[in-house]
Every structure is written in structure tokens, then in C-alpha cells.
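*Asks:* So that we are looking at the same thing, I have put the structure below in C-alpha cells.
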Amino acid sequence: MLIKDGIRIDGRKPDELRPIKIEAGVLYRADGSCYLEWGGNKIMAAVYGPREALPRHIQDPTKALVNARYSMASFSVEERKRPGPDRRSTEISKVTSEALESVIFTELFPRTTIDICIEVLDAEAGTRCAGITAAAVALADAGIPMRDIPVACAAGKVDGVVVLDLTSEEDKEGEADLPVAIAPRTEEILLLQMDGHLTYKEFEEALELAIKGCKQVAKLQRQALLNKYKTFEVK
Ligand code: ADP
């Protein structure tokens, strides 16, 4: 049983997020960076560029290439993970690149590349959402012009209840997981994936809940960026 008397195994209500901590500008050599803790996840994101795309034949004369690489450290999961890319990290890198590219003004930087490294140091479910959220802060920290600061959060279904931000047990034993990334200002959807089964009504409920979660996380992203400069307060 994962939900008892309306309370989840880690003591949260169905619509509650895990604790989140975001820090912008933590790496000296990257153009932009972010360290993020989200429940048991610990993630570092670094941005380099825009810089000349090499070798030259990969250059696009009309826009910058956005190249996100998601990687999980061997020590980030209980049983040592084999280092290097695999099917899962290749998929997450691709969907992350596409989600982030869609908000960046790539046409301002022809023939260049914007490289985004997402390193998962500790993994506890929801790492793709946490990775996108951290990468977005790192992009803003690097001063990359964007239409909005993307943010991601998952919802899902556990013991027949639609819940926000699944833990590892809920991800493994639950009925569905729905990671969502949005541009919070317009609520435009940048990423939408689904694992498991939901009825259409449950899907609508989960999507709405995930968007609500995204908007809460967006406030923390903004605060992290403002903290770096300590000039303004978020109202
Ligand atoms: P996400 O992290 O975005 O939820 P998945 O649903 O694929 O992506 O993974 C869920 C969780 O399963 C991860 O966050 C991680 O805690 C765990 N996991 C993923 N890959 C491995 C692996 N190779 N070994 C052990 N645990 C893993």
C-alpha cells in the first residue's frame, strides 16, 4: 500500500512536491551552472556557449545547435550503474535538447553550439524533470536569451490516486508516471511523456497537477537566479 488515509509513504499529500533546493552559478569554469536537490535527487547542470560548432560540417548557418547530454553517475543508483551512455540516457538527452531548444533564440547565434551537461549525482525518480529544471537555470545563468525559463515536474497515479512528483517506490510500484516540461509564462508544453496507463480523465487531472507543480518549481528557479545577484526580492 503506497497511500494510507490520503497520505503517501513519505508523508506527503497527493498534490505536494518533495523538498527542492536550487543554487545558480556554482561552477567557476562553465558559462552558466546550477546545482539542484529535489527529494533524493542531486543534479549538477553546466552550460557552455554559444561557441563555434566544430567540426565545421555540423554548423547550421541559420541557428545554434542545442546539445544537452544527460548522464547518470555510476554511484547515483543503488547498484553501480555501468558508466557511459545507454539507451535511456540517449533518450533523455534527446527529449531534453528538444525541450530546451524550443525556448532558446537559436537564430541569434548561427554556426554555434550551446552545450548543456546534466550530471545526475544521486538519483531518486524524476531525474529528467530535475535535469531540465536545473539546465534551464544554468542557461539563464549563462545569459542565453530565451522566451521563458523552462521548468519540469512529473505527476502520476499511485493506488488509483493521481499524485504529484513520484518517489522511487511510487515510480516502480505505481500505475503511471507523466513527466511534463512547460514554458511557465504561456503554459506551452515542451515535453510530455507517459509511462503506464491512465484514463483520459486521469490524464487531464495528472497534466493539470503537473503544470501546477511546474509553476511552484518555477518560483524557486527565479529565486535561485535572483539570489545569485541578491539585488531583488521575488514578490
Ligand atoms: P526519471 O528519473 O526521469 O523518472 P525513469 O523513469 O527512467 O526516469 O527512472 C526512474 C528512476 O529509476 C530513476 O530516477 C532512478 O532513481 C532509477 N533508475 C534509473 N536507471 C537506473 C539504473 N540503471 N539502475 C538503478 N536505478 C535506476
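As shown in the C-alpha cells, the chain order sets the letters A, B, ...; within each chain, residues go from 1, and ligands are also counted from 1 in the order they appear.
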List the neighbours of A:Arg128 out to 8 Å using only C-alpha atoms; skip same-chain residues closer than 2 positions along the sequence, and give me the result as a list in words.
*Replies:*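 Returned residues: Ile92, Thr96, Gly126, Ala130, Gly131, Ile132 and Pro179 of chain A.
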*Asks:* Pick out the residues sitting within 9 Å of A:Ala154, and hand them over as a list in words; count only C-alpha atoms, and ignore anything fewer than 5 positions along from it in its own chain.
*Replies:*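 My list of contacting residues is Gly126, Cys129, Val163, Leu164, Asp165, Leu166, Asp177, Leu178, Pro179, Val180, Ala181, Ala206, Leu207, Leu209, Ala210, Ile211, Gly213 and Cys214 of chain A.
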*Asks:* Taking only C-alpha atoms and all ligand atoms into account, report as a list in words which residues have an atom no farther than 7 Å from an atom of ligand 1.
*Replies:*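 The distance check yields Val77, Glu78, Glu79, Lys81, Arg88, Ala123, Glu124, Ala125, Gly126, Thr127, Arg128, Cys129, Ser168 and Asp171 of chain A.
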*Asks:* If you measure from atom CA of A:Val161 to atom CA of A:Leu36, what distance in Å do you get, rounded to one decimal?
*Replies:* 27.8 Å
*Asks:* DSSP on the backbone, then: every residue of stretch 173-230 of chain A marked strand (DSSP E or B), written as a list in words.
*Replies:*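 Checking each residue of stretch 173-230 of chain A, the strand (DSSP E or B) ones are Ala176, Asp177, Leu178, Pro179, Val180, Ala181, Ile182, Ala183, Glu188, Ile189, Leu190, Leu191, Leu192, Asp195 and Gly196 of chain A.
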*Asks:* Could you save those same residues with N, CA, C and O atoms as a PDB file, in the first residue's frame?
*Replies:*
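New file selection_38.pdb:
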ATOM      1  N   ALA A 176       1.207   4.853 -13.141  1.00  0.00           N
ATOM      2  CA  ALA A 176       1.608   5.716 -14.258  1.00  0.00           C
ATOM      3  C   ALA A 176       2.506   6.853 -13.795  1.00  0.00           C
ATOM      4  O   ALA A 176       2.460   7.270 -12.633  1.00  0.00           O
ATOM      5  N   ASP A 177       3.342   7.317 -14.731  1.00  0.00           N
ATOM      6  CA  ASP A 177       4.266   8.426 -14.485  1.00  0.00           C
ATOM      7  C   ASP A 177       4.175   9.353 -15.706  1.00  0.00           C
ATOM      8  O   ASP A 177       4.230   8.878 -16.835  1.00  0.00           O
ATOM      9  N   LEU A 178       3.982  10.638 -15.462  1.00  0.00           N
ATOM     10  CA  LEU A 178       3.750  11.589 -16.557  1.00  0.00           C
ATOM     11  C   LEU A 178       4.678  12.801 -16.397  1.00  0.00           C
ATOM     12  O   LEU A 178       4.293  13.799 -15.788  1.00  0.00           O
ATOM     13  N   PRO A 179       5.921  12.708 -16.887  1.00  0.00           N
ATOM     14  CA  PRO A 179       6.794  13.879 -16.803  1.00  0.00           C
ATOM     15  C   PRO A 179       6.370  14.960 -17.798  1.00  0.00           C
ATOM     16  O   PRO A 179       6.069  14.653 -18.959  1.00  0.00           O
ATOM     17  N   VAL A 180       6.351  16.202 -17.323  1.00  0.00           N
ATOM     18  CA  VAL A 180       5.894  17.330 -18.143  1.00  0.00           C
ATOM     19  C   VAL A 180       6.881  18.484 -17.989  1.00  0.00           C
ATOM     20  O   VAL A 180       7.290  18.785 -16.873  1.00  0.00           O
ATOM     21  N   ALA A 181       7.249  19.115 -19.114  1.00  0.00           N
ATOM     22  CA  ALA A 181       8.019  20.364 -19.037  1.00  0.00           C
ATOM     23  C   ALA A 181       7.216  21.442 -19.730  1.00  0.00           C
ATOM     24  O   ALA A 181       6.589  21.184 -20.772  1.00  0.00           O
ATOM     25  N   ILE A 182       7.213  22.637 -19.149  1.00  0.00           N
ATOM     26  CA  ILE A 182       6.445  23.738 -19.753  1.00  0.00           C
ATOM     27  C   ILE A 182       7.282  25.020 -19.789  1.00  0.00           C
ATOM     28  O   ILE A 182       8.286  25.140 -19.085  1.00  0.00           O
ATOM     29  N   ALA A 183       6.809  25.948 -20.607  1.00  0.00           N
ATOM     30  CA  ALA A 183       7.272  27.333 -20.519  1.00  0.00           C
ATOM     31  C   ALA A 183       6.223  27.996 -19.607  1.00  0.00           C
ATOM     32  O   ALA A 183       5.069  28.146 -20.010  1.00  0.00           O
ATOM     33  N   GLU A 188       2.905  26.668 -22.384  1.00  0.00           N
ATOM     34  CA  GLU A 188       3.182  25.858 -23.573  1.00  0.00           C
ATOM     35  C   GLU A 188       3.911  24.586 -23.126  1.00  0.00           C
ATOM     36  O   GLU A 188       4.835  24.659 -22.303  1.00  0.00           O
ATOM     37  N   ILE A 189       3.509  23.449 -23.671  1.00  0.00           N
ATOM     38  CA  ILE A 189       4.128  22.185 -23.258  1.00  0.00           C
ATOM     39  C   ILE A 189       5.377  21.918 -24.103  1.00  0.00           C
ATOM     40  O   ILE A 189       5.328  21.919 -25.334  1.00  0.00           O
ATOM     41  N   LEU A 190       6.504  21.702 -23.426  1.00  0.00           N
ATOM     42  CA  LEU A 190       7.780  21.485 -24.106  1.00  0.00           C
ATOM     43  C   LEU A 190       8.163  20.013 -24.106  1.00  0.00           C
ATOM     44  O   LEU A 190       8.947  19.572 -24.940  1.00  0.00           O
ATOM     45  N   LEU A 191       7.653  19.272 -23.131  1.00  0.00           N
ATOM     46  CA  LEU A 191       7.909  17.830 -23.069  1.00  0.00           C
ATOM     47  C   LEU A 191       6.717  17.162 -22.396  1.00  0.00           C
ATOM     48  O   LEU A 191       6.179  17.694 -21.426  1.00  0.00           O
ATOM     49  N   LEU A 192       6.322  16.036 -22.951  1.00  0.00           N
ATOM     50  CA  LEU A 192       5.217  15.278 -22.350  1.00  0.00           C
ATOM     51  C   LEU A 192       5.469  13.811 -22.664  1.00  0.00           C
ATOM     52  O   LEU A 192       5.493  13.420 -23.827  1.00  0.00           O
ATOM     53  N   ASP A 195       4.460   6.913 -18.955  1.00  0.00           N
ATOM     54  CA  ASP A 195       4.808   5.528 -18.687  1.00  0.00           C
ATOM     55  C   ASP A 195       3.612   4.955 -17.927  1.00  0.00           C
ATOM     56  O   ASP A 195       3.198   5.556 -16.933  1.00  0.00           O
ATOM     57  N   GLY A 196       3.020   3.867 -18.374  1.00  0.00           N
ATOM     58  CA  GLY A 196       1.890   3.275 -17.659  1.00  0.00           C
ATOM     59  C   GLY A 196       0.564   3.632 -18.301  1.00  0.00           C
ATOM     60  O   GLY A 196       0.521   4.028 -19.464  1.00  0.00           O
TER      61      GLY A 196
END
*Asks:* Measuring atom to atom with only C-alpha atoms, identify which of A:Val217, A:Cys34, A:Ile114, A:Ala73 is nearest to A:Ala53.
*Replies:*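 When distances to A:Ala53 are compared using only C-alpha atoms, the smallest one comes from A:Ile114.
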*Asks:* So that I can see what lies close to A:Gly25, please list as a list in words the residues with an atom at most 8 Å from it, counting only C-alpha atoms and leaving out residues fewer than 4 positions away in the same chain.
*Replies:*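 Within the cut-off, the hits are Gly32, Ser33, Cys34, Ala138, Asp141 and Lys228 of chain A.
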*Asks:* Neighbours of A:Leu2 within 8 Å (only C-alpha atoms; same-chain residues fewer than 2 positions away dropped), as a ChimeraX atom specification?
*Replies:* /A:4,8-9,158-159,170
*Asks:* Could the residues in this selection be saved with C-alpha atoms as a PDB file, in the first residue's frame?
*Replies:*
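Now in out15.pdb:
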ATOM      1  CA  LYS A   4      -2.893   5.350   3.530  1.00  0.00           C
ATOM      2  CA  ARG A   8       1.812   8.915   0.826  1.00  0.00           C
ATOM      3  CA  ILE A   9       4.677   6.754   2.114  1.00  0.00           C
ATOM      4  CA  VAL A 158      -0.469   5.541  -7.355  1.00  0.00           C
ATOM      5  CA  ASP A 159      -3.040   3.217  -5.730  1.00  0.00           C
ATOM      6  CA  GLU A 170       5.793   5.203  -6.375  1.00  0.00           C
TER       7      GLU A 170
END
*Asks:* Which distance in Å separates atom CA of A:Ile116 and atom CA of A:Tyr70, to one decimal?
*Replies:* 8.4 Å
*Asks:* Run DSSP on the backbone of this structure and report the residues of stretch 56-233 of chain A it assigns to alpha helix (DSSP H), as a ChimeraX atom specification.
*Replies:* /A:87-101,127-141,168-173,200-229
*Asks:* With only C-alpha atoms as the counted atoms, please give the residues lying no more than 10 Å from A:Asp115, apart from itself and same-chain residues fewer than 6 positions off, as an MDAnalysis selection string.
*Replies:* chainID A and resid 46:51 53 65:69 97 139
*Asks:* Keeping only N, CA, C and O atoms, write those residues as a PDB file, in the first residue's frame.
*Replies:*
ATOM      1  N   ALA A  46      25.621  22.206 -16.260  1.00  0.00           N
ATOM      2  CA  ALA A  46      26.590  23.205 -16.712  1.00  0.00           C
ATOM      3  C   ALA A  46      26.313  23.549 -18.166  1.00  0.00           C
ATOM      4  O   ALA A  46      25.974  22.668 -18.963  1.00  0.00           O
ATOM      5  N   VAL A  47      26.450  24.825 -18.495  1.00  0.00           N
ATOM      6  CA  VAL A  47      26.211  25.287 -19.868  1.00  0.00           C
ATOM      7  C   VAL A  47      27.485  25.923 -20.413  1.00  0.00           C
ATOM      8  O   VAL A  47      28.149  26.693 -19.716  1.00  0.00           O
ATOM      9  N   TYR A  48      27.818  25.574 -21.671  1.00  0.00           N
ATOM     10  CA  TYR A  48      28.966  26.161 -22.354  1.00  0.00           C
ATOM     11  C   TYR A  48      28.467  26.729 -23.675  1.00  0.00           C
ATOM     12  O   TYR A  48      27.768  26.046 -24.408  1.00  0.00           O
ATOM     13  N   GLY A  49      28.844  27.975 -23.972  1.00  0.00           N
ATOM     14  CA  GLY A  49      28.471  28.538 -25.260  1.00  0.00           C
ATOM     15  C   GLY A  49      27.554  29.733 -25.124  1.00  0.00           C
ATOM     16  O   GLY A  49      27.353  30.204 -24.014  1.00  0.00           O
ATOM     17  N   PRO A  50      27.040  30.242 -26.260  1.00  0.00           N
ATOM     18  CA  PRO A  50      27.246  29.728 -27.615  1.00  0.00           C
ATOM     19  C   PRO A  50      28.722  29.827 -28.016  1.00  0.00           C
ATOM     20  O   PRO A  50      29.341  30.860 -27.776  1.00  0.00           O
ATOM     21  N   ARG A  51      29.251  28.736 -28.596  1.00  0.00           N
ATOM     22  CA  ARG A  51      30.630  28.729 -29.085  1.00  0.00           C
ATOM     23  C   ARG A  51      30.657  28.049 -30.444  1.00  0.00           C
ATOM     24  O   ARG A  51      29.715  27.313 -30.788  1.00  0.00           O
ATOM     25  N   ALA A  53      30.632  25.862 -33.458  1.00  0.00           N
ATOM     26  CA  ALA A  53      30.353  24.426 -33.566  1.00  0.00           C
ATOM     27  C   ALA A  53      31.459  23.766 -34.384  1.00  0.00           C
ATOM     28  O   ALA A  53      31.784  24.228 -35.470  1.00  0.00           O
ATOM     29  N   LEU A  65      23.106  25.146 -32.517  1.00  0.00           N
ATOM     30  CA  LEU A  65      22.693  23.779 -32.177  1.00  0.00           C
ATOM     31  C   LEU A  65      22.587  23.702 -30.661  1.00  0.00           C
ATOM     32  O   LEU A  65      23.405  24.281 -29.952  1.00  0.00           O
ATOM     33  N   VAL A  66      21.576  23.022 -30.184  1.00  0.00           N
ATOM     34  CA  VAL A  66      21.424  22.860 -28.726  1.00  0.00           C
ATOM     35  C   VAL A  66      21.643  21.388 -28.412  1.00  0.00           C
ATOM     36  O   VAL A  66      20.936  20.520 -28.903  1.00  0.00           O
ATOM     37  N   ASN A  67      22.671  21.162 -27.619  1.00  0.00           N
ATOM     38  CA  ASN A  67      23.116  19.800 -27.412  1.00  0.00           C
ATOM     39  C   ASN A  67      23.165  19.489 -25.911  1.00  0.00           C
ATOM     40  O   ASN A  67      24.119  19.840 -25.238  1.00  0.00           O
ATOM     41  N   ALA A  68      22.094  18.873 -25.401  1.00  0.00           N
ATOM     42  CA  ALA A  68      22.073  18.522 -23.972  1.00  0.00           C
ATOM     43  C   ALA A  68      22.523  17.077 -23.818  1.00  0.00           C
ATOM     44  O   ALA A  68      22.138  16.199 -24.598  1.00  0.00           O
ATOM     45  N   ARG A  69      23.362  16.832 -22.819  1.00  0.00           N
ATOM     46  CA  ARG A  69      23.805  15.459 -22.541  1.00  0.00           C
ATOM     47  C   ARG A  69      23.479  15.102 -21.096  1.00  0.00           C
ATOM     48  O   ARG A  69      24.028  15.690 -20.161  1.00  0.00           O
ATOM     49  N   SER A  97      17.150  18.104 -24.997  1.00  0.00           N
ATOM     50  CA  SER A  97      17.649  19.051 -26.006  1.00  0.00           C
ATOM     51  C   SER A  97      16.485  19.712 -26.729  1.00  0.00           C
ATOM     52  O   SER A  97      16.459  20.931 -26.928  1.00  0.00           O
ATOM     53  N   LEU A 139      21.133  27.730 -18.079  1.00  0.00           N
ATOM     54  CA  LEU A 139      21.043  28.504 -19.334  1.00  0.00           C
ATOM     55  C   LEU A 139      20.812  29.984 -19.023  1.00  0.00           C
ATOM     56  O   LEU A 139      21.449  30.861 -19.625  1.00  0.00           O
TER      57      LEU A 139
END
*Asks:* I'd like the interatomic distance between atom CA of A:Met194 and atom CA of A:Met146, to a tenth of an Å.
*Replies:*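 It comes out at 26.5 Å.
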*Asks:* Residues near A:Pro85, anyone? I mean within 10 Å using only C-alpha atoms, not counting same-chain ones fewer than 5 positions away, as JSON, numbers by chain.
*Replies:* {"A": [69, 70, 71, 72, 90, 91, 93]}
